[in-house]
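K.L.:
Here's a structure for you.
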Amino acid sequence: MASKQPSTQIKVCLVAISLGRGGAERSTALLSQMLAEKGFNVTIVILNNLVDYPYKGDLVNLGKLKTKEDTIIKRLIRFNKLKQFLKKEKFDFILDNRTRSNGAKELFYLKHIYANQRVLYVVRSFNLLQYFPKEKWITKKMINNSELIIGVSKAISEKINAEYKTNKTKTIYNPVEPLSETENKNPPNEKYILYLGRIEEKVKNFTLLLNAYKNSKLSEASIHLKIVGDGPDVDWLKQKIETMSLSETVSVNSFTPIVFQYLKNALYLTLTSYYEGFPRVLIEALSVGTPVLSVHCKSGPDEIIINKKNGLLIENHSVEALAEAMNRLAFDTELYKTCKTNAQDSISHLKMDAIGEQWANLLNNKQTRS
C-alpha cells in the first residue's frame, strides 16, 4: 500500500450540490472520508443547505446563505464568495461532484470560479447530460481545461471518451460503506423484497417494478414489496399502488440515511432503472449479504452483478422477464443460497480502503508530476 506521507500536504476541495438524500451525495461524503483517511487536507463546499451523511474535513455550507427570494444578484454574491474562497485557500485540486447541465453556468465556472484551478470532474451517471451541458463545445472546453474526468463505471468512462473524443477519463468505482448495524426495535414480521432510492419515475421505472410484482407469485406467497425513499413522485407512486390494488402488500416508506436494517432483513433488493451510474444500493445490499435483482441498464449493474452468483441480471423493460426473475430468486432455494453465500465476497474489491488508495495514488501521482 502507498504511504500516507506524500499526500499530507495536498489540499483537496470537494464541490457538491449537497450531502443529503441521494446516492451521489452519499458517495461524495464517502470520498471526503476516504481522502481524509489517506492523509489529505479535505474541505467540502456545498451549495444547498442539506447534510444527511457523515463526512470528514472542513465544511463550507454556502447553502446557508440562500433565502426564499434567491435573486440573480444573491447568486452572484455566493459565486463570488466561492471564487474568493478557492483563490485564498490555494487548493491543489478541486474535485467537482456537482451536476453540471447548464451551459452558461458552466462557462461562468470555467472562466471565473475555476480560473487557474486544477479541476477533476466526477461523473456519476450514464446520462451524461446531467454532468455535462448539451452544448458540446462547452463540454469540450471543460474537458480540455480539466486535469481529468473520473467516471464511476467503465461504461461511463467509455461513453465520455467516445462521445467527446478524449482520453482524459479514468474509472474509479464508488466504494461500499460499512453500514451502521443499528438495532431495529420493531423488526418487520413479513418477508419482503426491497426498493431503496430516489422516487422518480422517469429514472427508476416504478411502472415496470409494480407490474412485474403484480404478475409474480410473491404477493400470494405473502412476500411484500417495501419501497424506501423520497423524491418528486411519492404521491404519484402511492396513488398508482392503490389503483393497481397492491396496497395490502406494497408500502412506501420515508427516506432515512440509516438503511442497514432494511437491507439486512430483505429477501433481496430490486433495481429497475432506465439508467444508473454505479448504483450504490446494489453494493450496499451485497455488503450485508443480501442478494440483488437488477435489470441490465446502463450503467453499473453488469459491473457489479455476477449473474446467478450474487444475484440476477435480466433484460430491461420486460415485465415477464422481471416477474419470472422475482419468482426464481424468491423460490429457487439453491439459487438463493448460492447468491447469498457469495454476496459479500463479490464486492471485496470495493472496500473503502481499496478505493481510497486508488484516489490517493491518482492525486499523489498528479501532484508529483506537476
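Letters A, B, ... go to the chains of the C-alpha cells in the order shown; residues in each chain start at 1; ligands are counted from 1 in the same order.
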Would you mind listing what lies within 9 Å of Leu225 (chain A) as a PDB file with C-alpha atoms, in the first residue's frame, with only C-alpha atoms counted and same-chain residues fewer than 3 positions away left out?
P.N.:
ATOM      1  CA  LYS A 191     -40.992 -11.342   4.274  1.00  0.00           C
ATOM      2  CA  TYR A 192     -40.234  -8.605   1.755  1.00  0.00           C
ATOM      3  CA  ILE A 193     -38.194  -7.574  -1.237  1.00  0.00           C
ATOM      4  CA  LEU A 194     -36.816  -4.038  -1.243  1.00  0.00           C
ATOM      5  CA  TYR A 195     -36.513  -0.996  -3.457  1.00  0.00           C
ATOM      6  CA  LEU A 210     -45.048  -2.715  -9.844  1.00  0.00           C
ATOM      7  CA  TYR A 213     -44.502  -7.650  -8.826  1.00  0.00           C
ATOM      8  CA  LEU A 218     -44.753 -13.016  -4.451  1.00  0.00           C
ATOM      9  CA  SER A 219     -47.943 -11.336  -3.294  1.00  0.00           C
ATOM     10  CA  THR A 249     -48.523  -5.959   0.119  1.00  0.00           C
ATOM     11  CA  VAL A 250     -46.722  -2.854  -1.254  1.00  0.00           C
ATOM     12  CA  SER A 251     -45.718   0.019   1.037  1.00  0.00           C
ATOM     13  CA  VAL A 252     -43.888   3.314   0.584  1.00  0.00           C
TER      14      VAL A 252
END
K.L.:
Write out as a ChimeraX atom specification which residues come within 12 Å of Asn211 (chain A) when counting only C-alpha atoms, dropping same-chain ones fewer than 2 positions away.
P.N.:
/A:205-209,213-217,219,225,240-241,243-246,250,272,317-324,326
K.L.:
Counting only C-alpha atoms, which residue out of A:Phe255, A:Tyr55, A:Phe108, A:Phe40 sits closest to Leu19 (chain A)?
P.N.:
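With only C-alpha atoms as the atom set, the closest residue is A:Tyr55.
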K.L.:
Find the residues around Asn80 (chain A) up to 8 Å (only C-alpha atoms counted), leave out those fewer than 4 positions away in its own chain, and share them as a short mmCIF file (atom, residue, chain, number, x, y, z; two decimals) with C-alpha atoms, in the first residue's frame.
P.N.:
data_model
loop_
_atom_site.label_atom_id
_atom_site.label_comp_id
_atom_site.auth_asym_id
_atom_site.auth_seq_id
_atom_site.Cartn_x
_atom_site.Cartn_y
_atom_site.Cartn_z
CA LEU A 76 -23.67 36.12 -7.96
CA GLN A 84 -12.59 34.23 -3.44
CA ILE A 113 -14.72 30.48 -10.41
#
K.L.:
Considering only strand (DSSP E) as DSSP defines it on the backbone, what residues of region 11-100 of chain A qualify? List them as a list in words.
P.N.:
Lys11, Val12, Cys13, Leu14, Val15, Ala16, Asn41, Val42, Thr43, Ile44, Val45, Ile46, Asp58, Leu59, Val60, Asn61, Phe93, Ile94, Leu95 and Asp96 of chain A
K.L.:
Could you go through region 144-301 of chain A and tell me which residues DSSP, when run on the backbone, assigns to alpha helix (DSSP H), listing them as an MDAnalysis selection string?
P.N.:
chainID A and resid 144:145 154:163 201:204 206:215 234:243 260:265 280:287 301
K.L.:
Print the selection's residues with C-alpha atoms to a file, as a tab-separated table (two decimals), in the first residue's frame.
P.N.:
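So again30.tsv came out as:
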chain	number	residue	atom	x	y	z
A	144	ASN	CA	-9.70	20.35	-22.16
A	145	ASN	CA	-9.22	22.61	-19.14
A	154	LYS	CA	-16.26	1.63	-17.02
A	155	ALA	CA	-19.31	2.19	-19.22
A	156	ILE	CA	-19.47	5.87	-18.22
A	157	SER	CA	-15.77	6.38	-18.93
A	158	GLU	CA	-16.00	4.67	-22.31
A	159	LYS	CA	-19.04	6.74	-23.27
A	160	ILE	CA	-17.33	10.02	-22.33
A	161	ASN	CA	-14.19	9.12	-24.28
A	162	ALA	CA	-16.22	8.13	-27.35
A	163	GLU	CA	-18.74	10.97	-27.30
A	201	GLU	CA	-40.46	7.54	-12.30
A	202	LYS	CA	-38.59	8.89	-15.34
A	203	VAL	CA	-35.33	7.44	-13.97
A	204	LYS	CA	-36.29	4.49	-11.75
A	206	PHE	CA	-41.63	2.05	-10.91
A	207	THR	CA	-44.20	1.11	-13.55
A	208	LEU	CA	-42.03	-1.85	-14.50
A	209	LEU	CA	-41.37	-2.75	-10.86
A	210	LEU	CA	-45.05	-2.71	-9.84
A	211	ASN	CA	-46.29	-4.54	-12.95
A	212	ALA	CA	-43.71	-7.28	-12.52
A	213	TYR	CA	-44.50	-7.65	-8.83
A	214	LYS	CA	-48.22	-7.86	-9.62
A	215	ASN	CA	-47.53	-10.55	-12.23
A	234	VAL	CA	-44.05	9.92	-3.97
A	235	ASP	CA	-47.72	10.91	-4.23
A	236	TRP	CA	-47.97	9.56	-7.77
A	237	LEU	CA	-46.46	6.27	-6.63
A	238	LYS	CA	-48.82	5.88	-3.70
A	239	GLN	CA	-51.79	6.54	-5.98
A	240	LYS	CA	-50.52	4.01	-8.53
A	241	ILE	CA	-50.15	1.34	-5.84
A	242	GLU	CA	-53.73	1.95	-4.79
A	243	THR	CA	-55.02	1.96	-8.37
A	260	PHE	CA	-28.87	-1.33	7.45
A	261	GLN	CA	-31.99	-3.00	8.85
A	262	TYR	CA	-33.99	-2.50	5.65
A	263	LEU	CA	-31.21	-4.13	3.63
A	264	LYS	CA	-30.27	-6.88	6.10
A	265	ASN	CA	-33.85	-8.10	6.59
A	280	ARG	CA	-24.79	2.30	-4.53
A	281	VAL	CA	-27.87	0.35	-3.43
A	282	LEU	CA	-26.61	-2.80	-5.16
A	283	ILE	CA	-23.25	-2.80	-3.41
A	284	GLU	CA	-24.81	-1.83	-0.07
A	285	ALA	CA	-27.21	-4.78	-0.26
A	286	LEU	CA	-24.42	-7.19	-1.18
A	287	SER	CA	-22.25	-5.82	1.64
A	301	PRO	CA	-25.30	-3.38	-12.74
K.L.:
Taking only C-alpha atoms into account, which of A:Val288, A:Leu335, A:Ile172, A:Cys297 comes nearest Gly356 (chain A)?
P.N.:
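Residue with the minimum atom-to-atom distance to Gly356 (chain A): A:Ile172.
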K.L.:
Could you tell me how far CA of Val42 (chain A) sits from CA of Ile304 (chain A), in Å to one decimal place?
P.N.:
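Those two atoms sit 29.0 Å apart.
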K.L.:
Which residues are close to Tyr53 (chain A), i.e. within 12 Å by only C-alpha atoms, leaving aside same-chain residues fewer than 5 positions away? Reply as a short mmCIF file (atom, residue, chain, number, x, y, z; two decimals) with C-alpha atoms, in the first residue's frame.
P.N.:
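As a result, out_21.cif now contains:
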data_model
loop_
_atom_site.label_atom_id
_atom_site.label_comp_id
_atom_site.auth_asym_id
_atom_site.auth_seq_id
_atom_site.Cartn_x
_atom_site.Cartn_y
_atom_site.Cartn_z
CA SER A 18 -25.31 18.92 -1.02
CA LEU A 19 -24.53 16.00 1.27
CA GLY A 20 -28.08 14.72 1.55
CA ARG A 21 -30.81 12.47 0.15
CA GLY A 22 -29.17 10.78 -2.86
CA GLY A 23 -26.61 8.15 -3.77
CA ALA A 24 -24.33 10.67 -5.50
CA GLU A 25 -24.36 12.83 -2.37
CA ARG A 26 -23.57 9.83 -0.17
CA SER A 27 -20.68 8.97 -2.49
CA THR A 28 -19.29 12.50 -2.14
CA ALA A 29 -19.45 12.23 1.65
CA LEU A 30 -17.63 8.90 1.48
CA LEU A 31 -15.00 10.41 -0.81
CA SER A 32 -14.26 13.01 1.86
CA GLN A 33 -13.80 10.22 4.41
CA GLU A 177 -19.59 1.78 3.03
CA LEU A 179 -23.19 0.27 7.31
CA THR A 256 -33.80 7.51 6.00
CA PRO A 257 -29.98 7.67 5.91
CA ILE A 258 -29.94 4.61 8.20
CA VAL A 259 -30.63 1.68 5.89
#
K.L.:
Can you work out which one of A:Ile17, A:Ala36, A:Glu69, A:Asn116 has the shortest atom-to-atom distance to Asn49 (chain A), counting only C-alpha atoms?
P.N.:
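Among A:Ile17, A:Ala36, A:Glu69, A:Asn116, it is A:Ile17 that comes nearest to Asn49 (chain A).
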K.L.:
How many Å separate CA of Tyr173 (chain A) from CA of Gly151 (chain A)?
P.N.:
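These atoms are spaced 7.7 Å apart.
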K.L.:
CA of Glu147 (chain A) and CA of Lys366 (chain A) are how many Å apart?
P.N.:
8.6 Å
K.L.:
Out of A:Phe331, A:Tyr274, A:Tyr336, A:Trp137, which residue has the shortest atom-to-atom distance to Asn316 (chain A) when counting only C-alpha atoms?
P.N.:
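For Asn316 (chain A), the nearest of the given residues is A:Tyr274.
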K.L.:
Name all residues at most 7 Å from region 294-296 of chain A (count only C-alpha atoms; drop same-chain ones fewer than 2 positions away) and give them as an mmCIF file with N, CA and C atoms, in the first residue's frame.
P.N.:
data_model
loop_
_atom_site.group_PDB
_atom_site.id
_atom_site.type_symbol
_atom_site.label_atom_id
_atom_site.label_comp_id
_atom_site.auth_asym_id
_atom_site.auth_seq_id
_atom_site.Cartn_x
_atom_site.Cartn_y
_atom_site.Cartn_z
ATOM 1 N N THR A 270 -34.213 -4.952 -5.293
ATOM 2 C CA THR A 270 -34.536 -4.846 -6.713
ATOM 3 C C THR A 270 -34.134 -3.480 -7.272
ATOM 4 N N LEU A 271 -33.791 -3.460 -8.557
ATOM 5 C CA LEU A 271 -33.482 -2.218 -9.256
ATOM 6 C C LEU A 271 -34.020 -2.320 -10.676
ATOM 7 N N THR A 272 -34.815 -1.321 -11.095
ATOM 8 C CA THR A 272 -35.481 -1.380 -12.409
ATOM 9 C C THR A 272 -35.251 -0.112 -13.225
ATOM 10 N N VAL A 292 -29.182 -9.485 -4.959
ATOM 11 C CA VAL A 292 -29.783 -8.387 -5.711
ATOM 12 C C VAL A 292 -30.380 -8.894 -7.022
ATOM 13 N N LYS A 298 -27.850 0.693 -18.446
ATOM 14 C CA LYS A 298 -26.566 1.385 -18.459
ATOM 15 C C LYS A 298 -26.603 2.432 -17.360
ATOM 16 N N PRO A 301 -24.881 -2.051 -13.196
ATOM 17 C CA PRO A 301 -25.298 -3.382 -12.740
ATOM 18 C C PRO A 301 -24.455 -4.525 -13.294
ATOM 19 N N ASP A 302 -24.075 -4.448 -14.571
ATOM 20 C CA ASP A 302 -23.288 -5.546 -15.144
ATOM 21 C C ASP A 302 -21.826 -5.509 -14.699
ATOM 22 N N LEU A 312 -29.321 -11.759 -9.771
ATOM 23 C CA LEU A 312 -29.773 -11.975 -11.141
ATOM 24 C C LEU A 312 -29.727 -10.664 -11.910
ATOM 25 N N LEU A 313 -29.244 -10.743 -13.146
ATOM 26 C CA LEU A 313 -29.196 -9.610 -14.064
ATOM 27 C C LEU A 313 -30.033 -9.981 -15.279
ATOM 28 N N ILE A 314 -31.091 -9.210 -15.528
ATOM 29 C CA ILE A 314 -32.030 -9.599 -16.589
ATOM 30 C C ILE A 314 -32.223 -8.464 -17.585
ATOM 31 N N GLU A 315 -32.833 -8.794 -18.712
ATOM 32 C CA GLU A 315 -33.117 -7.783 -19.731
ATOM 33 C C GLU A 315 -34.026 -6.701 -19.172
ATOM 34 N N ASN A 316 -33.863 -5.494 -19.671
ATOM 35 C CA ASN A 316 -34.653 -4.372 -19.195
ATOM 36 C C ASN A 316 -35.977 -4.274 -19.957
#
